Every structure is written in C-alpha cells, then in structure tokens.
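Structure first, then comments.
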Amino acid sequence: MKKNLCCLLLLALLGGPVSEVIAQSASRPAPTAAELKKNIAAAAASTEGQSTNKLLVKLDRQLVAYLKTHEVSAAAAKKLGLGYAESPDAARLKVFSYSYSSGGTRGEVTQPIVQWKNQAGQLFAYAAHDEGGFEKIYKLASPGRTQYLLLGNEQGSSICMRGIAWLLELKGDYLLLDKQAFDNKPTLDICNVALTYRASQQALVVAADNDIGDPDVYGEEPFKPFTLYLSQGRFVRKR
C-alpha cells in the first residue's frame with residue numbers, strides 16, 4: 001500500500017499519466033549464475049513464438065531477481081551471455097540484454113533489462129517490454145534531475161534497421177519513463193536513420209543513413225532530417 005501511494009504521489013507531481021513510474025516489485029529468489037547462463041543460452045537458441053513465451057517470461061523474472069542483488073561488470077555480463085551498456089556514472093545505471101531468433105527476416109530480437117541504484121546503494125531492476133539493443137548511454141545535463149539518453153538499434157525487417165532512443169530518469173528508488181519524451185512520443189523509433197547526440201548543444205540529430213536503406217521506409221511522407229533539443233527534461237523541436 002505504501003509503495004502504491006508513493007507511485008500515485010509521483011504521478012501527481014509529474015502531471016498525471018505523462019510518465020510511467022517503475023517501482024521495485026516483490027523480491028523473488030535470485031537464480032545462480034550457472035542457472036542464469038543456462039537459460040540465457042536456451043533463449044539464444046530458441047525462435048520467437050508460443051514455444052518460447054514461458055522461457056522468456058521466466059528468464060525476465062530471473063534476470064530482474066539476479067540484478068536486484070548482484071553488481072555485474074562488463075566481463076561478468078559477457079560470461080553470462082548478456083549484452084552490456086553502461087552510463088558515464090556506471091554505478092547508477094546499466095542496461096543488460098539477451099537475444100533470441102525471430103524466425104524471420106527480423107533476425108535477432110533483443111530484450112533489454114535496466115539496472116539502477118539509488119543514493120543509498122540499493123539495487124533495482126526492470127525488464128523493459130520494448131525490444132531494442134542499446135549501445136550508448138549519455139547522462140543528460142538536466143538541472144535537478146538525473147536523466148539518461150539511450151541510443152541503439154534493432155532489426156525491424158529485411159528493409160528496416162530501427163534507430164531507437166529512450167529517455168530514462170532516476171528519482172530515488174524509481175525509474176521514470178516519460179510518455180512525451182521525444183516530441184510528445186514516449187520513444188524515438190525510425191527505420192534506417194543515424195542517431196547522434198551532441199552534448200554541447202544538448203541535441204539529438206536524426207539523419208538519413210542511406211547505407212542501410214531508405215530512411216523511415218514505412219513513413220507516410222518523405223523523410224526529412226530533424227533535430228530535437230533537450231528542454232525541461234524532454235527532447236523537442238525548436239519552434
């Protein structure tokens with residue numbers, strides 16, 4: 001009840017439904033590293049579909065339980081079979097991932113797991129339900145806030161390499177996901193583009209990458225490069 005009340009208060013302070021608050025769920029027994037490694041390998045050898053659903057749900061739960069109680073380095077993540085990306089202040093935020101086959105033209109599907117730490121040093125973890133392999137994490141210059149920009153990519157189809165951006169914020173024990181983070185959208189997800197963050201300008205540049213394919217190939221209008229600027233904790237276009 002106390003956790004639910006805290007979440008409601010945070011939502012009210014953040015303007016209602018514009019942000020999703022991820023709180024710590026009830027603890028589950030953490031698996032051993034050996035058990036985790038075995039199930040990550042099993043997922044990597046599997047193909048997306050009904051036969052893998054139970055395995056993936058179980059693996060998500062195991063990873064969350066493990067990351068709530070274990071500090072995992074890049075070397076340790078590699079031994080487990082996990083992808084790894086860390087923020088400039090790696091003690092606060094890391095993103096781990098595992099992959100499995102789509103069974104089609106998408107190739108591999110990547111599932112990210114976010115681990116963060118509060119000021120007291122307590123570990124938290126969250127299995128995101130949006131797919132994406134993140135390679136770069138930037139800590140943003142947001143006065144009074146602890147925010148991060150995550151950039152990565154994911155094969156969307158035989159003609160689409162998705163460029164993906166997320167904005168995460170840490171607030172005490174909580175992970176905040178702003179539903180209007182990118183020009184009033186929760187995430188940025190566009191086919192065949194190059195995403196570049198220019199820290200000096202606090203700008204996210206979205207340009208065509210014709211070496212991959214036609215940009216925004218599924219878009220209804222021709223793609224035009226654009227830039228989003230960090231303003232009051234969100235990325236917006238200059239008016």
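Scheme for the structure tokens: letters A, B, ... for chains in order shown; per-chain residue numbers from 1; ligand numbers from 1 in order shown.
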Query raised in the report: Which of region 15-174 of chain A counts as helix (DSSP H, G or I) under DSSP, as an MDAnalysis selection string please?
Result: chainID A and resid 16:18 33:44 50:67 74:80
Those same residues, written as a compact mmCIF listing (two decimals), in the first residue's frame with N, CA and C atoms?
# COMPACT_ATOMS: atom_id res chain seq x y z
N GLY A 16 0.35 13.66 -13.80
CA GLY A 16 -0.58 12.60 -14.13
C GLY A 16 0.01 11.55 -15.05
N PRO A 17 -0.69 11.17 -16.13
CA PRO A 17 -0.33 10.00 -16.91
C PRO A 17 0.81 10.22 -17.90
N VAL A 18 1.49 11.38 -17.89
CA VAL A 18 2.55 11.61 -18.88
C VAL A 18 3.79 10.82 -18.56
N ALA A 33 24.29 -17.97 -10.94
CA ALA A 33 24.87 -17.52 -12.21
C ALA A 33 24.83 -18.65 -13.24
N ALA A 34 25.07 -19.88 -12.78
CA ALA A 34 25.07 -21.03 -13.69
C ALA A 34 23.68 -21.26 -14.29
N GLU A 35 22.66 -21.15 -13.45
CA GLU A 35 21.28 -21.33 -13.93
C GLU A 35 20.91 -20.23 -14.91
N LEU A 36 21.32 -19.01 -14.60
CA LEU A 36 21.04 -17.88 -15.48
C LEU A 36 21.72 -18.07 -16.83
N LYS A 37 22.99 -18.46 -16.80
CA LYS A 37 23.75 -18.67 -18.03
C LYS A 37 23.10 -19.74 -18.90
N LYS A 38 22.62 -20.81 -18.28
CA LYS A 38 21.96 -21.90 -19.00
C LYS A 38 20.69 -21.41 -19.70
N ASN A 39 19.89 -20.60 -18.99
CA ASN A 39 18.63 -20.14 -19.57
C ASN A 39 18.83 -19.05 -20.63
N ILE A 40 19.88 -18.24 -20.47
CA ILE A 40 20.21 -17.24 -21.50
C ILE A 40 20.63 -17.96 -22.78
N ALA A 41 21.41 -19.02 -22.64
CA ALA A 41 21.83 -19.82 -23.80
C ALA A 41 20.63 -20.50 -24.46
N ALA A 42 19.69 -20.96 -23.63
CA ALA A 42 18.49 -21.61 -24.16
C ALA A 42 17.65 -20.61 -24.95
N ALA A 43 17.55 -19.37 -24.43
CA ALA A 43 16.81 -18.33 -25.15
C ALA A 43 17.50 -18.01 -26.47
N ALA A 44 18.83 -17.91 -26.46
CA ALA A 44 19.59 -17.59 -27.68
C ALA A 44 19.40 -18.65 -28.75
N GLN A 50 5.13 -19.24 -29.62
CA GLN A 50 4.49 -19.76 -28.42
C GLN A 50 5.41 -20.67 -27.61
N SER A 51 6.27 -21.40 -28.30
CA SER A 51 7.14 -22.35 -27.60
C SER A 51 8.16 -21.65 -26.72
N THR A 52 8.45 -20.37 -26.99
CA THR A 52 9.46 -19.66 -26.22
C THR A 52 8.86 -18.73 -25.17
N ASN A 53 7.57 -18.49 -25.21
CA ASN A 53 6.98 -17.49 -24.32
C ASN A 53 7.26 -17.77 -22.84
N LYS A 54 7.04 -18.99 -22.39
CA LYS A 54 7.25 -19.33 -20.99
C LYS A 54 8.71 -19.16 -20.60
N LEU A 55 9.61 -19.57 -21.50
CA LEU A 55 11.04 -19.45 -21.24
C LEU A 55 11.45 -17.99 -21.08
N LEU A 56 10.95 -17.13 -21.96
CA LEU A 56 11.34 -15.72 -21.93
C LEU A 56 10.77 -15.01 -20.71
N VAL A 57 9.53 -15.33 -20.35
CA VAL A 57 8.93 -14.73 -19.16
C VAL A 57 9.72 -15.15 -17.92
N LYS A 58 10.07 -16.42 -17.87
CA LYS A 58 10.86 -16.93 -16.73
C LYS A 58 12.22 -16.26 -16.68
N LEU A 59 12.87 -16.11 -17.84
CA LEU A 59 14.20 -15.50 -17.90
C LEU A 59 14.15 -14.04 -17.47
N ASP A 60 13.13 -13.31 -17.91
CA ASP A 60 12.98 -11.91 -17.48
C ASP A 60 12.92 -11.82 -15.95
N ARG A 61 12.11 -12.68 -15.35
CA ARG A 61 11.95 -12.67 -13.89
C ARG A 61 13.26 -13.03 -13.20
N GLN A 62 13.97 -14.01 -13.75
CA GLN A 62 15.24 -14.41 -13.16
C GLN A 62 16.28 -13.30 -13.25
N LEU A 63 16.35 -12.64 -14.40
CA LEU A 63 17.32 -11.56 -14.57
C LEU A 63 17.03 -10.40 -13.62
N VAL A 64 15.75 -10.05 -13.47
CA VAL A 64 15.39 -8.98 -12.55
C VAL A 64 15.79 -9.36 -11.13
N ALA A 65 15.48 -10.59 -10.72
CA ALA A 65 15.83 -11.03 -9.37
C ALA A 65 17.35 -11.02 -9.17
N TYR A 66 18.09 -11.46 -10.15
CA TYR A 66 19.56 -11.51 -10.06
C TYR A 66 20.16 -10.11 -9.99
N LEU A 67 19.65 -9.21 -10.83
CA LEU A 67 20.23 -7.87 -10.90
C LEU A 67 19.82 -6.99 -9.72
N ALA A 74 31.08 -5.63 -17.05
CA ALA A 74 31.03 -5.95 -18.47
C ALA A 74 31.57 -7.37 -18.71
N ALA A 75 32.66 -7.70 -18.03
CA ALA A 75 33.26 -9.03 -18.20
C ALA A 75 32.33 -10.12 -17.69
N ALA A 76 31.69 -9.88 -16.55
CA ALA A 76 30.77 -10.86 -15.98
C ALA A 76 29.53 -11.03 -16.87
N ALA A 77 29.06 -9.91 -17.43
CA ALA A 77 27.90 -9.98 -18.34
C ALA A 77 28.23 -10.83 -19.56
N LYS A 78 29.43 -10.65 -20.09
CA LYS A 78 29.84 -11.42 -21.27
C LYS A 78 29.88 -12.91 -20.96
N LYS A 79 30.37 -13.27 -19.76
CA LYS A 79 30.42 -14.68 -19.36
C LYS A 79 29.03 -15.28 -19.25
N LEU A 80 28.07 -14.46 -18.83
CA LEU A 80 26.68 -14.93 -18.71
C LEU A 80 25.99 -15.03 -20.07
**Report entry** Contacts of Ile113 (chain A) at 8 Å (only C-alpha atoms; same-chain gap of 4+ positions) as a ChimeraX atom specification
**Finding:** /A:60,63-64,95-97,125-128
Atoms kept (N, CA and C atoms) for selection, written as a PDB file, in the first residue's frame:
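Ended up saving to out-v8.pdb:
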ATOM      1  N   ASP A  60      13.132 -13.306 -17.906  1.00  0.00           N
ATOM      2  CA  ASP A  60      12.984 -11.910 -17.477  1.00  0.00           C
ATOM      3  C   ASP A  60      12.918 -11.824 -15.948  1.00  0.00           C
ATOM      4  N   LEU A  63      16.345 -12.637 -14.398  1.00  0.00           N
ATOM      5  CA  LEU A  63      17.315 -11.558 -14.570  1.00  0.00           C
ATOM      6  C   LEU A  63      17.031 -10.401 -13.620  1.00  0.00           C
ATOM      7  N   VAL A  64      15.753 -10.054 -13.472  1.00  0.00           N
ATOM      8  CA  VAL A  64      15.389  -8.978 -12.551  1.00  0.00           C
ATOM      9  C   VAL A  64      15.789  -9.355 -11.126  1.00  0.00           C
ATOM     10  N   VAL A  95      22.470  -1.172 -18.621  1.00  0.00           N
ATOM     11  CA  VAL A  95      21.454  -1.883 -19.394  1.00  0.00           C
ATOM     12  C   VAL A  95      22.061  -3.197 -19.880  1.00  0.00           C
ATOM     13  N   PHE A  96      21.408  -4.293 -19.526  1.00  0.00           N
ATOM     14  CA  PHE A  96      21.823  -5.614 -19.967  1.00  0.00           C
ATOM     15  C   PHE A  96      20.809  -6.102 -21.000  1.00  0.00           C
ATOM     16  N   SER A  97      21.190  -7.088 -21.796  1.00  0.00           N
ATOM     17  CA  SER A  97      20.245  -7.588 -22.797  1.00  0.00           C
ATOM     18  C   SER A  97      20.567  -9.026 -23.179  1.00  0.00           C
ATOM     19  N   ALA A 125      15.909  -3.325 -10.585  1.00  0.00           N
ATOM     20  CA  ALA A 125      15.969  -3.816 -11.958  1.00  0.00           C
ATOM     21  C   ALA A 125      14.578  -3.859 -12.561  1.00  0.00           C
ATOM     22  N   TYR A 126      14.538  -3.742 -13.896  1.00  0.00           N
ATOM     23  CA  TYR A 126      13.258  -3.698 -14.614  1.00  0.00           C
ATOM     24  C   TYR A 126      13.442  -4.327 -15.985  1.00  0.00           C
ATOM     25  N   ALA A 127      12.582  -5.280 -16.321  1.00  0.00           N
ATOM     26  CA  ALA A 127      12.585  -5.891 -17.646  1.00  0.00           C
ATOM     27  C   ALA A 127      11.679  -5.085 -18.553  1.00  0.00           C
ATOM     28  N   ALA A 128      12.289  -4.309 -19.444  1.00  0.00           N
ATOM     29  CA  ALA A 128      11.502  -3.481 -20.360  1.00  0.00           C
ATOM     30  C   ALA A 128      10.782  -4.373 -21.360  1.00  0.00           C
TER      31      ALA A 128
END
**Report entry** strand (DSSP E or B) per DSSP on the backbone: members of region 23-213 of chain A, as a ChimeraX atom specification
**Finding:** /A:47,83-86,93-101,108-117,123-127,133-139,146-157,160-171,174-178,182,185,188-191,193-198,203-208
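Going from CA of Leu188 (chain A) over to CA of Lys68 (chain A), you cover 28.0 Å.
Considering only C-alpha atoms, the residue among A:Glu108, A:Asp89, A:Glu221, A:Asp211 positioned nearest to Ser157 (chain A) is A:Glu108.
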Requested in this report: For Val217 (chain A), work out the shell of residues within 8 Å, counting only C-alpha atoms and skipping chain neighbours fewer than 2 positions away, then give it as number ranges by chain.
Outcome: A: 159-160, 191-192, 213-215, 219
Requested in this report: Considering only C-alpha atoms, return as a ChimeraX atom specification whatever protein or nucleic-acid residues lie within 10 Å of Leu123 (chain A), sequence-local ones (same chain, fewer than 5 positions apart) excluded.
Outcome: /A:24,67-71,91-93,115-118,173
For those residues, write C-alpha atoms to a file as an mmCIF file, in the first residue's frame.
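Listing of selection_37.cif after writing:
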data_model
loop_
_atom_site.group_PDB
_atom_site.id
_atom_site.type_symbol
_atom_site.label_atom_id
_atom_site.label_comp_id
_atom_site.auth_asym_id
_atom_site.auth_seq_id
_atom_site.Cartn_x
_atom_site.Cartn_y
_atom_site.Cartn_z
ATOM 1 C CA GLN A 24 10.587 -2.228 -7.069
ATOM 2 C CA LEU A 67 20.228 -7.868 -10.903
ATOM 3 C CA LYS A 68 18.476 -6.698 -7.734
ATOM 4 C CA THR A 69 21.144 -8.458 -5.701
ATOM 5 C CA HIS A 70 24.261 -8.538 -7.896
ATOM 6 C CA GLU A 71 26.658 -5.963 -9.292
ATOM 7 C CA ALA A 91 27.261 2.791 -10.601
ATOM 8 C CA ARG A 92 23.837 4.389 -11.177
ATOM 9 C CA LEU A 93 22.538 2.893 -14.451
ATOM 10 C CA GLN A 115 19.512 -1.963 -13.576
ATOM 11 C CA TRP A 116 19.806 1.157 -11.439
ATOM 12 C CA LYS A 117 20.934 2.164 -7.973
ATOM 13 C CA ASN A 118 19.573 4.746 -5.550
ATOM 14 C CA ASP A 173 14.020 4.280 -5.828
#
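In this structure, CA of Ala45 (chain A) sits 9.0 Å away from CA of Ser99 (chain A).
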